[in-house]
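Single-structure report; data block below.
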Amino acid sequence: METNNSSEADFRSQRPRSPRVPVEFALEVTGTTMAGKPFHLNAQAIKISRGGATIVLDVEVPVGAKVCLIPPSGNKLDAEVNGSWIDEIDGRRLIGVKLLHEYGWFAE
């Protein structure tokens, strides 16, 4: 008989698929707020992986929203917000994004 340990399954589902690297670089983010208003803001990436990022952003964006990231290289990268939260330590608003191009940060 097989038992399913749901807490173990939940933990596995929250693990990143690729390693996260701490970074600190400015980028621009465009999208739509929770209130449905368009925005174009300066933000800061604090962690990246091959296919995503954690970004400090001073506006509330809904999970599932499409955003456009413009890193220092100038490439426009489409992404989907897959998390939004307030950091308990410093109170900053953060979003997690999944890059939509298969080559992630290396897309041209």
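Naming works like this for the structure tokens: A, B, ... for the chains as they're shown, residue 1 at the start of each chain, ligands 1 onward in shown order.
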
Practice problem: Taking the chain letters and numbering used in this document, name the residues of chain A that DSSP puts in alpha helix (DSSP H), as number ranges by chain. | Solution: A: 6-14

Could you turn the residues from that selection into a file that holds C-alpha atoms, as a CSV table (one decimal), in the first residue's frame?
chain,number,residue,atom,x,y,z
A,6,SER,CA,1.4,15.7,1.4
A,7,SER,CA,3.8,17.9,3.3
A,8,GLU,CA,6.7,16.1,1.5
A,9,ALA,CA,5.0,16.6,-1.8
A,10,ASP,CA,4.3,20.3,-1.0
A,11,PHE,CA,8.0,20.8,-0.1
A,12,ARG,CA,9.1,19.2,-3.4
A,13,SER,CA,6.7,21.3,-5.5
A,14,GLN,CA,8.1,24.6,-4.0

Quiz item: DSSP on the backbone: what in segment 27-108 of chain A comes out strand (DSSP E), as JSON, numbers by chain?
Solution: {"A": [27, 28, 29, 30, 31, 32, 38, 39, 40, 41, 42, 43, 44, 45, 46, 47, 48, 49, 52, 53, 54, 55, 56, 66, 67, 68, 69, 70, 77, 78, 79, 80, 81, 82, 83, 84, 85, 86, 93, 94, 95, 96, 97, 98, 99]}

Once you have the residues from the selection above, write them out as a short mmCIF file (atom, residue, chain, number, x, y, z; two decimals), in the first residue's frame, restricted to N, CA and C atoms.
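The resulting file, again.cif, is shown below:
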data_model
loop_
_atom_site.label_atom_id
_atom_site.label_comp_id
_atom_site.auth_asym_id
_atom_site.auth_seq_id
_atom_site.Cartn_x
_atom_site.Cartn_y
_atom_site.Cartn_z
N LEU A 27 16.79 47.12 -13.34
CA LEU A 27 16.09 46.81 -14.58
C LEU A 27 14.80 47.60 -14.59
N GLU A 28 14.18 47.68 -15.74
CA GLU A 28 12.88 48.32 -15.87
C GLU A 28 11.83 47.23 -15.99
N VAL A 29 10.66 47.50 -15.42
CA VAL A 29 9.55 46.54 -15.50
C VAL A 29 8.31 47.30 -15.96
N THR A 30 7.64 46.76 -16.95
CA THR A 30 6.36 47.32 -17.39
C THR A 30 5.29 46.25 -17.24
N GLY A 31 4.08 46.68 -16.96
CA GLY A 31 2.98 45.75 -16.79
C GLY A 31 1.74 46.48 -16.35
N THR A 32 0.86 45.76 -15.66
CA THR A 32 -0.40 46.31 -15.17
C THR A 32 -0.55 45.99 -13.69
N PRO A 38 -1.65 50.64 -16.05
CA PRO A 38 -0.34 50.32 -16.60
C PRO A 38 0.77 51.02 -15.80
N PHE A 39 1.95 50.37 -15.74
CA PHE A 39 3.08 50.98 -15.06
C PHE A 39 4.36 50.70 -15.85
N HIS A 40 5.34 51.57 -15.64
CA HIS A 40 6.69 51.41 -16.19
C HIS A 40 7.61 51.93 -15.09
N LEU A 41 8.27 51.01 -14.36
CA LEU A 41 9.05 51.39 -13.18
C LEU A 41 10.47 50.85 -13.22
N ASN A 42 11.35 51.56 -12.53
CA ASN A 42 12.68 51.03 -12.25
C ASN A 42 12.55 50.06 -11.10
N ALA A 43 13.25 48.95 -11.19
CA ALA A 43 13.18 47.90 -10.17
C ALA A 43 14.58 47.34 -9.96
N GLN A 44 14.68 46.31 -9.11
CA GLN A 44 15.97 45.70 -8.84
C GLN A 44 15.81 44.19 -8.78
N ALA A 45 16.62 43.48 -9.57
CA ALA A 45 16.67 42.02 -9.48
C ALA A 45 17.60 41.67 -8.32
N ILE A 46 17.15 40.74 -7.46
CA ILE A 46 17.99 40.34 -6.32
C ILE A 46 18.38 38.86 -6.37
N LYS A 47 17.67 38.08 -7.17
CA LYS A 47 18.02 36.67 -7.41
C LYS A 47 17.60 36.34 -8.83
N ILE A 48 18.43 35.55 -9.51
CA ILE A 48 18.02 35.08 -10.82
C ILE A 48 18.35 33.60 -10.95
N SER A 49 17.65 32.96 -11.85
CA SER A 49 17.95 31.60 -12.28
C SER A 49 17.92 31.64 -13.80
N GLY A 52 14.13 32.58 -14.53
CA GLY A 52 13.28 33.43 -13.71
C GLY A 52 14.06 34.39 -12.85
N ALA A 53 13.34 35.09 -11.96
CA ALA A 53 13.98 36.07 -11.10
C ALA A 53 13.09 36.42 -9.93
N THR A 54 13.73 36.97 -8.91
CA THR A 54 13.03 37.63 -7.81
C THR A 54 13.39 39.10 -7.95
N ILE A 55 12.36 39.95 -7.95
CA ILE A 55 12.53 41.36 -8.25
C ILE A 55 11.87 42.21 -7.18
N VAL A 56 12.58 43.25 -6.72
CA VAL A 56 12.01 44.25 -5.83
C VAL A 56 11.26 45.24 -6.71
N LYS A 66 1.26 39.28 -16.96
CA LYS A 66 2.41 39.33 -17.88
C LYS A 66 3.12 40.66 -17.66
N VAL A 67 4.44 40.62 -17.57
CA VAL A 67 5.25 41.81 -17.44
C VAL A 67 6.38 41.74 -18.46
N CYS A 68 6.98 42.89 -18.73
CA CYS A 68 8.13 42.96 -19.61
C CYS A 68 9.30 43.49 -18.79
N LEU A 69 10.42 42.77 -18.83
CA LEU A 69 11.63 43.16 -18.11
C LEU A 69 12.62 43.72 -19.11
N ILE A 70 13.28 44.80 -18.73
CA ILE A 70 14.34 45.37 -19.58
C ILE A 70 15.59 45.48 -18.70
N LEU A 77 12.44 41.23 -22.24
CA LEU A 77 12.13 39.84 -21.90
C LEU A 77 10.72 39.77 -21.34
N ASP A 78 9.86 38.97 -21.96
CA ASP A 78 8.51 38.77 -21.45
C ASP A 78 8.55 37.76 -20.31
N ALA A 79 7.75 38.02 -19.28
CA ALA A 79 7.73 37.16 -18.11
C ALA A 79 6.32 37.10 -17.54
N GLU A 80 6.10 36.09 -16.71
CA GLU A 80 4.82 35.93 -16.01
C GLU A 80 5.09 35.94 -14.51
N VAL A 81 4.30 36.71 -13.79
CA VAL A 81 4.44 36.79 -12.33
C VAL A 81 3.91 35.49 -11.73
N ASN A 82 4.78 34.81 -10.96
CA ASN A 82 4.34 33.56 -10.32
C ASN A 82 4.38 33.64 -8.80
N GLY A 83 4.62 34.84 -8.27
CA GLY A 83 4.57 35.06 -6.83
C GLY A 83 4.67 36.54 -6.53
N SER A 84 4.04 36.95 -5.44
CA SER A 84 4.06 38.35 -5.03
C SER A 84 3.94 38.37 -3.52
N TRP A 85 4.87 39.06 -2.83
CA TRP A 85 4.85 39.06 -1.37
C TRP A 85 5.61 40.26 -0.83
N ILE A 86 5.45 40.47 0.47
CA ILE A 86 6.18 41.50 1.20
C ILE A 86 7.24 40.78 2.03
N ARG A 93 8.39 45.06 -1.24
CA ARG A 93 7.48 44.27 -2.07
C ARG A 93 8.32 43.54 -3.10
N LEU A 94 8.08 42.23 -3.23
CA LEU A 94 8.83 41.38 -4.16
C LEU A 94 7.89 40.65 -5.09
N ILE A 95 8.37 40.38 -6.30
CA ILE A 95 7.65 39.49 -7.19
C ILE A 95 8.62 38.42 -7.68
N GLY A 96 8.09 37.26 -7.93
CA GLY A 96 8.82 36.20 -8.59
C GLY A 96 8.28 36.11 -10.00
N VAL A 97 9.18 35.97 -10.97
CA VAL A 97 8.74 35.87 -12.36
C VAL A 97 9.36 34.67 -13.04
N LYS A 98 8.62 34.14 -13.99
CA LYS A 98 9.10 33.08 -14.87
C LYS A 98 9.27 33.71 -16.25
N LEU A 99 10.48 33.64 -16.80
CA LEU A 99 10.72 34.17 -18.14
C LEU A 99 10.03 33.27 -19.16
#

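One distance worth recording is that between atom CA of Ile89 of chain A and atom CA of Pro22 of chain A, which is 16.9 Å.
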
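Atom CA of Glu102 of chain A is positioned 13.7 Å from atom CA of Ser18 of chain A.
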
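When atom CA of Val21 of chain A is paired with atom CA of Pro62 of chain A, their separation reads 24.3 Å.
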